[in-house]
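Source file: entry.txt; contents: compact mmCIF, C-alpha atoms.
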# COMPACT_ATOMS: atom_id res chain seq x y z
CA MET O 1 88.27 122.43 48.52
CA SER O 2 84.88 120.74 48.68
CA SER O 3 84.54 118.20 51.46
CA LYS O 4 83.16 115.77 48.86
CA GLN O 5 85.96 116.23 46.35
CA PRO O 6 88.82 113.71 46.67
CA VAL O 7 92.24 115.18 47.32
CA GLN O 8 94.41 114.83 44.24
CA ILE O 9 97.84 113.51 45.25
CA ALA O 10 101.01 113.04 43.20
CA LEU O 11 103.79 110.68 44.20
CA ILE O 12 107.40 111.71 43.64
CA GLY O 13 109.67 108.68 43.80
CA ALA O 14 108.47 105.25 42.66
CA GLY O 15 110.80 103.16 44.81
CA ARG O 16 109.85 100.62 47.48
CA ILE O 17 108.24 102.89 50.07
CA GLY O 18 106.91 105.29 47.46
CA SER O 19 105.15 102.39 45.74
CA PHE O 20 103.57 101.36 49.04
CA HIS O 21 102.34 104.90 49.70
CA ALA O 22 100.92 105.08 46.18
CA GLU O 23 99.06 101.83 46.79
CA SER O 24 97.68 103.23 50.05
CA VAL O 25 96.37 106.36 48.31
CA ALA O 26 94.88 104.40 45.43
CA ARG O 27 93.39 101.48 47.36
CA ARG O 28 93.18 102.22 51.09
CA LEU O 29 92.02 105.84 51.28
CA VAL O 30 88.45 106.69 50.35
CA ASN O 31 88.83 110.47 50.07
CA ALA O 32 91.96 110.77 47.93
CA ASP O 33 93.00 109.94 44.36
CA LEU O 34 96.44 109.04 43.06
CA ALA O 35 96.63 111.63 40.29
CA ALA O 36 100.21 111.19 39.13
CA VAL O 37 103.39 109.19 39.61
CA ALA O 38 106.66 110.98 38.90
CA ASP O 39 110.11 109.42 38.87
CA PRO O 40 113.29 110.25 36.91
CA MET O 41 113.13 106.67 35.65
CA ALA O 42 110.12 106.86 33.34
CA ALA O 43 109.72 103.08 33.18
CA ALA O 44 109.38 102.85 36.98
CA ALA O 45 106.74 105.58 37.00
CA GLU O 46 104.81 103.98 34.15
CA GLN O 47 104.85 100.51 35.69
CA LEU O 48 103.60 101.72 39.07
CA ALA O 49 100.95 104.00 37.58
CA ALA O 50 99.63 101.23 35.35
CA SER O 51 99.34 98.81 38.27
CA LEU O 52 97.20 101.30 40.19
CA ASP O 53 95.14 102.75 37.31
CA CYS O 54 96.78 106.12 37.83
CA PRO O 55 96.12 108.45 34.86
CA LEU O 56 99.55 110.10 34.68
CA ALA O 57 103.09 108.72 34.77
CA THR O 58 106.03 110.96 33.97
CA SER O 59 109.71 111.63 34.51
CA ASP O 60 109.02 115.38 34.52
CA ILE O 61 108.63 116.32 38.18
CA ASP O 62 108.41 120.03 37.38
CA ALA O 63 105.40 119.40 35.16
CA VAL O 64 103.64 117.58 37.99
CA LEU O 65 104.31 120.45 40.39
CA ALA O 66 102.97 122.92 37.81
CA ASN O 67 99.74 120.95 37.39
CA ALA O 68 96.96 123.03 38.95
CA ASP O 69 94.74 119.98 39.40
CA ILE O 70 97.15 118.40 41.91
CA ASP O 71 96.57 119.42 45.53
CA ALA O 72 99.41 117.64 47.31
CA VAL O 73 102.56 115.59 46.85
CA ILE O 74 104.15 112.65 48.63
CA ILE O 75 107.94 112.91 48.44
CA ALA O 76 109.56 109.48 48.55
CA ALA O 77 112.68 110.15 46.50
CA PRO O 78 116.19 109.38 47.82
CA ALA O 79 116.93 111.33 50.99
CA ARG O 80 119.46 113.69 49.42
CA PHE O 81 116.70 115.19 47.27
CA HIS O 82 114.06 115.63 49.98
CA ALA O 83 114.74 119.19 51.11
CA GLY O 84 115.00 120.57 47.59
CA LEU O 85 111.78 118.87 46.56
CA VAL O 86 109.97 120.20 49.64
CA GLU O 87 111.04 123.72 48.63
CA LYS O 88 109.94 123.27 45.02
CA ALA O 89 106.60 121.74 45.98
CA ALA O 90 105.90 124.47 48.52
CA LEU O 91 106.76 127.15 45.96
CA ALA O 92 104.23 125.48 43.64
CA GLY O 93 101.58 125.73 46.37
CA LYS O 94 101.29 122.00 47.03
CA ALA O 95 100.71 120.48 50.45
CA VAL O 96 103.69 118.26 51.25
CA PHE O 97 104.12 114.86 52.85
CA CYS O 98 107.84 114.08 52.97
CA GLU O 99 109.43 110.82 53.95
CA LYS O 100 112.16 110.93 56.56
CA PRO O 101 114.71 112.42 56.76
CA MET O 102 113.36 115.74 55.52
CA ALA O 103 116.92 117.02 55.07
CA LEU O 104 120.56 116.05 55.61
CA THR O 105 121.75 119.36 57.08
CA LEU O 106 120.15 121.84 59.45
CA GLU O 107 120.52 124.54 56.80
CA GLU O 108 118.52 122.44 54.33
CA ALA O 109 115.90 121.76 56.99
CA ASP O 110 115.56 125.45 57.77
CA ARG O 111 115.09 126.32 54.10
CA ALA O 112 112.43 123.63 53.65
CA ILE O 113 110.53 124.74 56.74
CA ALA O 114 110.75 128.39 55.67
CA ALA O 115 109.52 127.56 52.16
CA ALA O 116 106.42 125.81 53.49
CA ARG O 117 105.75 128.61 55.96
CA THR O 118 106.15 131.33 53.33
CA ALA O 119 103.90 129.49 50.88
CA GLY O 120 101.33 128.79 53.57
CA VAL O 121 101.19 125.08 52.78
CA PRO O 122 101.16 122.21 55.31
CA LEU O 123 104.27 120.08 55.70
CA GLN O 124 104.00 116.63 57.32
CA ILE O 125 106.86 114.18 57.85
CA GLY O 126 106.71 110.39 57.57
CA PHE O 127 107.53 109.31 61.11
CA ASN O 128 105.11 106.39 60.97
CA ARG O 129 105.76 105.03 64.46
CA ARG O 130 103.62 107.82 65.90
CA TRP O 131 100.61 106.25 64.17
CA ASP O 132 101.19 102.70 65.42
CA GLN O 133 98.58 101.67 67.99
CA ALA O 134 101.05 100.49 70.64
CA PHE O 135 103.21 103.61 70.42
CA HIS O 136 100.13 105.83 70.30
CA GLU O 137 98.74 104.23 73.46
CA GLY O 138 102.14 104.42 75.15
CA LYS O 139 102.33 108.13 74.41
CA ALA O 140 98.82 108.60 75.85
CA ALA O 141 99.77 106.76 79.05
CA ILE O 142 102.80 109.02 79.50
CA GLU O 143 100.72 112.16 78.90
CA GLN O 144 98.16 110.97 81.44
CA GLY O 145 100.90 110.70 84.07
CA LYS O 146 100.54 106.95 84.50
CA ILE O 147 104.28 106.33 84.65
CA GLY O 148 105.25 109.57 86.37
CA THR O 149 108.37 111.42 85.23
CA PRO O 150 110.32 109.63 82.46
CA GLN O 151 113.72 108.50 83.73
CA LEU O 152 115.00 105.71 81.47
CA MET O 153 114.03 105.35 77.82
CA ARG O 154 114.87 102.86 75.09
CA SER O 155 114.15 102.62 71.38
CA VAL O 156 115.19 99.67 69.21
CA ILE O 157 115.24 99.28 65.45
CA ARG O 158 116.62 96.08 63.92
CA ASP O 159 116.04 95.45 60.26
CA PRO O 160 115.25 91.87 59.20
CA GLY O 161 118.21 89.75 58.16
CA PRO O 162 120.18 88.36 56.61
CA TYR O 163 121.57 91.68 55.42
CA GLN O 164 121.70 91.61 51.62
CA GLY O 165 122.45 95.24 50.87
CA ASP O 166 125.51 96.48 49.05
CA PRO O 167 127.50 98.67 51.46
CA ALA O 168 129.23 100.37 48.53
CA ARG O 169 125.84 101.63 47.31
CA THR O 170 124.61 102.69 50.73
CA PRO O 171 125.14 106.40 51.51
CA LEU O 172 127.50 107.07 54.40
CA TRP O 173 125.84 107.49 57.81
CA THR O 174 122.57 105.91 56.59
CA ILE O 175 122.20 104.17 59.94
CA PHE O 176 121.75 107.59 61.57
CA TYR O 177 120.10 109.60 58.79
CA GLU O 178 117.52 107.04 57.68
CA THR O 179 117.31 104.28 60.29
CA LEU O 180 117.83 105.73 63.77
CA ILE O 181 116.12 108.96 62.70
CA HIS O 182 112.87 107.12 63.54
CA ASP O 183 114.11 106.36 67.04
CA PHE O 184 115.29 109.92 67.60
CA ASP O 185 111.84 111.25 66.69
CA THR O 186 110.17 108.61 68.86
CA LEU O 187 112.25 109.47 71.93
CA LEU O 188 111.68 113.21 71.46
CA TRP O 189 107.95 112.61 71.02
CA LEU O 190 107.64 110.35 74.07
CA ASN O 191 109.63 112.79 76.21
CA ALA O 192 107.84 115.86 74.87
CA GLY O 193 108.74 119.14 76.51
CA ALA O 194 112.24 117.99 77.42
CA ARG O 195 115.30 119.15 75.50
CA PRO O 196 118.20 116.84 74.59
CA VAL O 197 121.47 118.22 75.96
CA GLU O 198 124.08 115.52 75.22
CA VAL O 199 124.58 112.75 72.67
CA TYR O 200 127.14 109.95 72.66
CA ALA O 201 127.27 107.35 69.89
CA VAL O 202 129.31 104.33 68.93
CA ALA O 203 128.98 102.52 65.61
CA ASP O 204 130.76 99.80 63.68
CA ALA O 205 130.51 97.39 60.76
CA LEU O 206 129.77 94.19 62.65
CA ILE O 207 127.63 92.57 59.97
CA ARG O 208 129.96 93.39 57.09
CA PRO O 209 133.42 93.98 58.62
CA ASP O 210 134.87 94.25 55.12
CA SER O 211 133.06 97.58 54.69
CA ARG O 212 134.49 99.13 57.87
CA ALA O 213 137.41 100.84 56.15
CA ALA O 214 135.05 102.59 53.75
CA GLY O 215 132.96 103.88 56.65
CA HIS O 216 129.80 101.91 55.92
CA LEU O 217 128.46 101.21 59.40
CA ASP O 218 125.67 98.71 60.11
CA THR O 219 125.38 98.63 63.91
CA ALA O 220 125.04 101.55 66.33
CA VAL O 221 124.15 102.51 69.89
CA VAL O 222 123.31 106.09 70.88
CA THR O 223 122.79 107.52 74.38
CA ILE O 224 120.93 110.79 74.88
CA ARG O 225 120.57 112.90 78.01
CA PHE O 226 117.67 115.31 78.41
CA ASP O 227 117.34 118.44 80.49
CA ASN O 228 114.58 116.82 82.60
CA GLY O 229 117.11 114.20 83.74
CA ALA O 230 115.87 111.38 81.51
CA MET O 231 118.47 109.13 79.92
CA ALA O 232 117.72 107.35 76.64
CA VAL O 233 119.33 104.63 74.54
CA ALA O 234 118.65 104.06 70.85
CA GLU O 235 120.13 101.07 69.06
CA ALA O 236 120.09 99.83 65.49
CA SER O 237 121.22 96.84 63.45
CA PHE O 238 120.80 96.08 59.75
CA SER O 239 120.48 92.32 60.27
CA ALA O 240 118.18 90.69 62.82
CA LEU O 241 117.90 87.11 61.60
CA TYR O 242 114.71 86.53 63.59
CA GLY O 243 112.66 89.31 61.98
CA TYR O 244 111.79 93.02 61.92
CA ASP O 245 112.21 94.23 65.49
CA ILE O 246 110.81 97.63 66.54
CA ARG O 247 110.32 98.29 70.26
CA GLY O 248 110.15 101.17 72.69
CA GLU O 249 110.22 101.48 76.49
CA VAL O 250 109.81 104.34 78.93
CA PHE O 251 110.50 103.76 82.62
CA GLY O 252 109.29 106.47 84.98
CA SER O 253 108.96 107.40 88.62
CA LYS O 254 105.57 105.63 88.89
CA GLY O 255 105.80 102.79 86.38
CA MET O 256 106.77 101.70 82.91
CA VAL O 257 105.27 101.44 79.45
CA THR O 258 106.53 99.17 76.66
CA MET O 259 105.60 99.37 72.99
CA GLY O 260 106.11 97.06 70.03
CA ASP O 261 106.59 93.33 69.54
CA VAL O 262 108.54 91.43 66.94
CA ARG O 263 105.87 88.69 67.04
CA ARG O 264 103.14 88.99 64.42
CA SER O 265 100.47 88.05 66.97
CA SER O 266 99.96 86.50 70.37
CA MET O 267 99.61 83.07 68.73
CA THR O 268 102.34 80.77 70.01
CA LEU O 269 103.07 77.31 68.66
CA PHE O 270 103.93 74.58 71.15
CA GLY O 271 105.43 71.68 69.21
CA ALA O 272 107.92 68.84 69.42
CA GLU O 273 110.80 71.24 68.75
CA GLY O 274 109.75 73.72 71.42
CA VAL O 275 107.83 76.99 71.55
CA SER O 276 107.78 79.40 68.62
CA SER O 277 106.00 82.44 67.19
CA ASP O 278 105.94 83.95 63.71
CA THR O 279 107.68 87.33 63.45
CA TRP O 280 107.30 90.45 61.34
CA ARG O 281 109.56 90.45 58.29
CA MET O 282 108.91 93.84 56.65
CA ASP O 283 108.03 97.34 57.77
CA THR O 284 105.19 97.46 55.25
CA HIS O 285 103.65 94.44 56.98
CA HIS O 286 104.26 95.52 60.57
CA PHE O 287 103.16 99.13 60.04
CA VAL O 288 100.56 98.79 57.30
CA SER O 289 97.92 100.40 59.53
CA ALA O 290 100.30 103.12 60.70
CA TYR O 291 101.44 103.93 57.17
CA THR O 292 97.82 104.19 56.08
CA ALA O 293 96.78 106.26 59.10
CA GLN O 294 99.51 108.84 58.57
CA LEU O 295 98.40 109.37 54.98
CA ALA O 296 94.76 109.57 56.03
CA ALA O 297 95.80 112.29 58.48
CA PHE O 298 97.71 114.03 55.69
CA VAL O 299 94.58 114.07 53.51
CA GLU O 300 92.69 115.78 56.33
CA THR O 301 95.61 118.18 56.70
CA VAL O 302 95.32 119.10 53.02
CA ARG O 303 91.67 119.94 53.60
CA SER O 304 92.12 121.87 56.83
CA GLY O 305 95.61 123.30 56.43
CA GLU O 306 96.43 122.20 59.99
CA VAL O 307 99.16 119.59 60.46
CA SER O 308 98.17 116.98 63.05
CA GLY O 309 101.21 114.75 62.52
CA PRO O 310 104.98 115.31 62.70
CA THR O 311 106.00 118.72 61.39
CA GLY O 312 109.06 120.15 59.72
CA ALA O 313 110.22 121.31 63.13
CA ASP O 314 109.95 117.73 64.40
CA ALA O 315 112.05 116.57 61.44
CA ARG O 316 114.68 119.19 62.25
CA ALA O 317 114.83 118.13 65.91
CA ALA O 318 115.40 114.48 64.97
CA LEU O 319 118.01 115.51 62.40
CA GLN O 320 119.88 117.48 65.06
CA LEU O 321 120.25 114.27 67.08
CA ALA O 322 121.39 112.34 63.99
CA LEU O 323 124.04 114.94 63.21
CA ALA O 324 125.22 114.97 66.82
CA ALA O 325 125.49 111.17 66.77
CA ILE O 326 127.56 111.30 63.59
CA GLN O 327 129.84 113.91 65.11
CA SER O 328 130.17 111.82 68.27
CA VAL O 329 131.27 108.77 66.26
CA LYS O 330 133.81 110.87 64.39
CA ASP O 331 135.21 112.48 67.55
CA GLN O 332 134.79 109.41 69.79
CA GLN O 333 133.35 111.56 72.55
CA PRO O 334 130.02 113.02 73.72
CA VAL O 335 128.57 116.01 71.88
CA ARG O 336 126.87 118.78 73.85
CA LEU O 337 123.83 120.36 72.19
CA ALA O 338 123.40 124.11 72.26

Any chance you could put this one into structure tokens?
Amino acid sequence: MSSKQPVQIALIGAGRIGSFHAESVARRLVNADLAAVADPMAAAAEQLAASLDCPLATSDIDAVLANADIDAVIIAAPARFHAGLVEKAALAGKAVFCEKPMALTLEEADRAIAAARTAGVPLQIGFNRRWDQAFHEGKAAIEQGKIGTPQLMRSVIRDPGPYQGDPARTPLWTIFYETLIHDFDTLLWLNAGARPVEVYAVADALIRPDSRAAGHLDTAVVTIRFDNGAMAVAEASFSALYGYDIRGEVFGSKGMVTMGDVRRSSMTLFGAEGVSSDTWRMDTHHFVSAYTAQLAAFVETVRSGEVSGPTGADARAALQLALAAIQSVKDQQPVRLA
């Protein structure tokens, strides 16, 4: 591919996050074009494509993958379709950016990874926290030895409330597969080189107790032990009334690094009612730069063939923790990892 020729990218899945990625490609990246929008719901594809001056909108995903003019795809369909779409895109010779989770079983993950490897196409996963400035700088401080050996780790993800989702329409174990999967990748990334050996998880329906019997869980805490001695906690809630709260912390033998802040900025209002700060309310506001940076890196990956971001193997490692957490909740005991 010519270094002057924009990378031609197709979006698969015109939902909330897919629409944001499409907007990033069309309006925030200077060396890529949004060539197609594909979604089983033709009206959704057409509406998004029209809003971004994209030349092709279709419900025929196979036709998009067969289009020789398209270099790469962004997979933002529902999670249960991710692994199969990765395989199909790889078979078609397209570079792949896949939203998390890449798969729902280790067998699916292995097939997706093998498909990309066999086809010789790059596969990058959408773990956007790695591209956030605070987390990036925290990772650098750890690598430079500034905090010594990691000993205690924490990762927090609390979605903005009030929770307005329909538990009956939320897939079971979403809190592990699609929410805490970010935290699992973050902890593995920050404690690189160490292997998780034990997982213990508790979860409940504290926000919507009426959905407990059906197994729709909205609050969870997971502890992870690593073979380098580090102990980690990951926690999640679907309803933080004060805003979108994403934070990380690594305490080590020489110091500590913290990452993330629910406040939008350091501006603080001192008024008659007390002290207050505005907070983040959506991931696409908090991580707009990170979301854009990961796609910019993907475009360079399409050109070079070398993945600089999270790989299929990284997605599999995070999935292994999610599956262990699910098993721990079911068994009500720790799960040892082979």

#### Entry: Shell around segment 114-127 of chain O at 6 Å using only C-alpha atoms, local window under 5 positions removed, as a list in words
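In the requested format, the answer is Glu87, Ala90, Ala95, Val96, Phe97, Cys98, Glu99, Lys100, Gly305, Pro310 and Thr311 of chain O.
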
### Summary
With distances taken over all atoms listed in the file, the candidate from O:Leu91, O:Ile142, O:Leu56, O:Ala50 nearest Gly255 of chain O is O:Ile142

### Query
From the list O:Gly15, O:Pro101, O:Pro6, O:Pro160, which residue is nearest Asp183 of chain O when using only C-alpha atoms?
O:Pro101

### Message
For a quick check of your reading of the model, name the residues lying within 6 Å of the coordinate (116.6, 102.7, 64.1), counting all atoms listed in the file, and write them as a ChimeraX atom specification.
### Response
/O:157,179-180,182-183,236

Since we have the selection now, will you write its residues out, keeping C-alpha atoms, as an mmCIF file, keeping the file's coordinate frame?
data_model
loop_
_atom_site.group_PDB
_atom_site.id
_atom_site.type_symbol
_atom_site.label_atom_id
_atom_site.label_comp_id
_atom_site.auth_asym_id
_atom_site.auth_seq_id
_atom_site.Cartn_x
_atom_site.Cartn_y
_atom_site.Cartn_z
ATOM 1 C CA ILE O 157 115.240 99.280 65.450
ATOM 2 C CA THR O 179 117.310 104.280 60.290
ATOM 3 C CA LEU O 180 117.830 105.730 63.770
ATOM 4 C CA HIS O 182 112.870 107.120 63.540
ATOM 5 C CA ASP O 183 114.110 106.360 67.040
ATOM 6 C CA ALA O 236 120.090 99.830 65.490
#

#### Entry: Proximity to Lys146 of chain O - best of O:Arg212, O:Lys254, O:Lys88, O:Arg129, all atoms listed in the file
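Closest to Lys146 of chain O, using all atoms listed in the file: O:Lys254.
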
### Task
Tell me which of O:Ala112, O:Ile246, O:Ala35, O:Ala89 sits closest to Leu11 of chain O, counting all atoms listed in the file.
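The answer is O:Ala35, which sits nearest to Leu11 of chain O.
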
Per residue of segment 80-173 of chain O within 6 Å of segment 273-294 of chain O, note the shortest atom pair and the distance in Å to one decimal, counting only C-alpha atoms, and order the rows by chain and increasing residue number, as a Markdown table.
| residue | atom | partner | partner_atom | distance |
| --- | --- | --- | --- | --- |
| O:Asn128 | CA | O:Ala290 | CA | 5.8 |
| O:Trp131 | CA | O:Ala290 | CA | 4.7 |
| O:Asp132 | CA | O:Ala290 | CA | 4.8 |
| O:Pro160 | CA | O:Arg281 | CA | 5.9 |

Only C-alpha atoms, please: the residues just picked out, written as a short mmCIF file (atom, residue, chain, number, x, y, z; two decimals), keeping the file's coordinate frame.
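Wrote it out as again.cif, contents follow:
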data_model
loop_
_atom_site.label_atom_id
_atom_site.label_comp_id
_atom_site.auth_asym_id
_atom_site.auth_seq_id
_atom_site.Cartn_x
_atom_site.Cartn_y
_atom_site.Cartn_z
CA ASN O 128 105.11 106.39 60.97
CA TRP O 131 100.61 106.25 64.17
CA ASP O 132 101.19 102.70 65.42
CA PRO O 160 115.25 91.87 59.20
#

### Message
Taking only C-alpha atoms into account, name the residue in O:Phe176, O:Arg111, O:Thr149, O:Thr258 that is nearest to Asn228 of chain O.
### Response
O:Thr149

### Message
What's around segment 247-250 of chain O at 9 Å? Count only C-alpha atoms, leave out sequence neighbours fewer than 3 positions away in its own chain, and write the answer as a ChimeraX atom specification.
### Response
/O:135,138,142,147,150-157,183,186-187,190-191,232,255-262

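The coordinates place atom CA of Ala203 of chain O at 9.0 Å from atom CA of Ile175 of chain O.
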
### Query
Which is closest to Gly161 of chain O among O:Ile207, O:Leu321, O:Ala72, O:Ala79, if we use only C-alpha atoms?
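Between O:Ile207, O:Leu321, O:Ala72, O:Ala79, the residue approaching Gly161 of chain O most closely is O:Ile207.
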
Could I see segment 24-54 of chain O restored to N, CA and C atoms, set down as an mmCIF file, in the frame of the given file?
data_model
loop_
_atom_site.group_PDB
_atom_site.id
_atom_site.type_symbol
_atom_site.label_atom_id
_atom_site.label_comp_id
_atom_site.auth_asym_id
_atom_site.auth_seq_id
_atom_site.Cartn_x
_atom_site.Cartn_y
_atom_site.Cartn_z
ATOM 1 N N SER O 24 98.571 102.802 48.968
ATOM 2 C CA SER O 24 97.680 103.230 50.050
ATOM 3 C C SER O 24 96.721 104.300 49.563
ATOM 4 N N VAL O 25 97.230 105.284 48.830
ATOM 5 C CA VAL O 25 96.370 106.360 48.310
ATOM 6 C C VAL O 25 95.334 105.787 47.352
ATOM 7 N N ALA O 26 95.775 104.916 46.469
ATOM 8 C CA ALA O 26 94.880 104.400 45.430
ATOM 9 C C ALA O 26 93.870 103.397 45.943
ATOM 10 N N ARG O 27 94.242 102.610 46.977
ATOM 11 C CA ARG O 27 93.390 101.480 47.360
ATOM 12 C C ARG O 27 92.914 101.489 48.811
ATOM 13 N N ARG O 28 93.537 102.275 49.665
ATOM 14 C CA ARG O 28 93.180 102.220 51.090
ATOM 15 C C ARG O 28 92.508 103.491 51.587
ATOM 16 N N LEU O 29 92.637 104.583 50.867
ATOM 17 C CA LEU O 29 92.020 105.840 51.280
ATOM 18 C C LEU O 29 90.779 106.093 50.426
ATOM 19 N N VAL O 30 89.710 106.507 51.081
ATOM 20 C CA VAL O 30 88.450 106.690 50.350
ATOM 21 C C VAL O 30 88.247 108.122 49.895
ATOM 22 N N ASN O 31 89.052 109.061 50.395
ATOM 23 C CA ASN O 31 88.830 110.470 50.070
ATOM 24 C C ASN O 31 90.040 111.099 49.384
ATOM 25 N N ALA O 32 90.802 110.276 48.658
ATOM 26 C CA ALA O 32 91.960 110.770 47.930
ATOM 27 C C ALA O 32 92.141 109.957 46.648
ATOM 28 N N ASP O 33 92.698 110.601 45.626
ATOM 29 C CA ASP O 33 93.000 109.940 44.360
ATOM 30 C C ASP O 33 94.495 110.043 44.089
ATOM 31 N N LEU O 34 95.060 108.983 43.538
ATOM 32 C CA LEU O 34 96.440 109.040 43.060
ATOM 33 C C LEU O 34 96.394 109.633 41.660
ATOM 34 N N ALA O 35 96.780 110.901 41.554
ATOM 35 C CA ALA O 35 96.630 111.630 40.290
ATOM 36 C C ALA O 35 97.832 111.513 39.381
ATOM 37 N N ALA O 36 99.013 111.253 39.959
ATOM 38 C CA ALA O 36 100.210 111.190 39.130
ATOM 39 C C ALA O 36 101.317 110.440 39.861
ATOM 40 N N VAL O 37 102.168 109.804 39.089
ATOM 41 C CA VAL O 37 103.390 109.190 39.610
ATOM 42 C C VAL O 37 104.553 109.773 38.825
ATOM 43 N N ALA O 38 105.502 110.363 39.539
ATOM 44 C CA ALA O 38 106.660 110.980 38.900
ATOM 45 C C ALA O 38 107.937 110.332 39.424
ATOM 46 N N ASP O 39 108.820 110.001 38.507
ATOM 47 C CA ASP O 39 110.110 109.420 38.870
ATOM 48 C C ASP O 39 111.070 109.684 37.712
ATOM 49 N N PRO O 40 112.334 110.025 38.006
ATOM 50 C CA PRO O 40 113.290 110.250 36.910
ATOM 51 C C PRO O 40 113.405 109.061 35.970
ATOM 52 N N MET O 41 113.149 107.857 36.490
ATOM 53 C CA MET O 41 113.130 106.670 35.650
ATOM 54 C C MET O 41 111.697 106.480 35.127
ATOM 55 N N ALA O 42 111.467 106.875 33.898
ATOM 56 C CA ALA O 42 110.120 106.860 33.340
ATOM 57 C C ALA O 42 109.478 105.476 33.403
ATOM 58 N N ALA O 43 110.271 104.429 33.179
ATOM 59 C CA ALA O 43 109.720 103.080 33.180
ATOM 60 C C ALA O 43 109.165 102.711 34.550
ATOM 61 N N ALA O 44 109.856 103.144 35.625
ATOM 62 C CA ALA O 44 109.380 102.850 36.980
ATOM 63 C C ALA O 44 108.064 103.567 37.246
ATOM 64 N N ALA O 45 107.974 104.827 36.823
ATOM 65 C CA ALA O 45 106.740 105.580 37.000
ATOM 66 C C ALA O 45 105.589 104.945 36.226
ATOM 67 N N GLU O 46 105.864 104.555 34.999
ATOM 68 C CA GLU O 46 104.810 103.980 34.150
ATOM 69 C C GLU O 46 104.324 102.644 34.698
ATOM 70 N N GLN O 47 105.240 101.824 35.161
ATOM 71 C CA GLN O 47 104.850 100.510 35.690
ATOM 72 C C GLN O 47 103.983 100.654 36.932
ATOM 73 N N LEU O 48 104.379 101.537 37.844
ATOM 74 C CA LEU O 48 103.600 101.720 39.070
ATOM 75 C C LEU O 48 102.241 102.328 38.754
ATOM 76 N N ALA O 49 102.215 103.349 37.924
ATOM 77 C CA ALA O 49 100.950 104.000 37.580
ATOM 78 C C ALA O 49 99.984 103.017 36.930
ATOM 79 N N ALA O 50 100.487 102.194 36.034
ATOM 80 C CA ALA O 50 99.630 101.230 35.350
ATOM 81 C C ALA O 50 99.045 100.218 36.317
ATOM 82 N N SER O 51 99.822 99.802 37.319
ATOM 83 C CA SER O 51 99.340 98.810 38.270
ATOM 84 C C SER O 51 98.257 99.349 39.182
ATOM 85 N N LEU O 52 98.164 100.677 39.286
ATOM 86 C CA LEU O 52 97.200 101.300 40.190
ATOM 87 C C LEU O 52 96.159 102.134 39.446
ATOM 88 N N ASP O 53 96.097 101.992 38.150
ATOM 89 C CA ASP O 53 95.140 102.750 37.310
ATOM 90 C C ASP O 53 95.285 104.247 37.518
ATOM 91 N N CYS O 54 96.513 104.699 37.688
ATOM 92 C CA CYS O 54 96.780 106.120 37.830
ATOM 93 C C CYS O 54 96.863 106.751 36.437
#
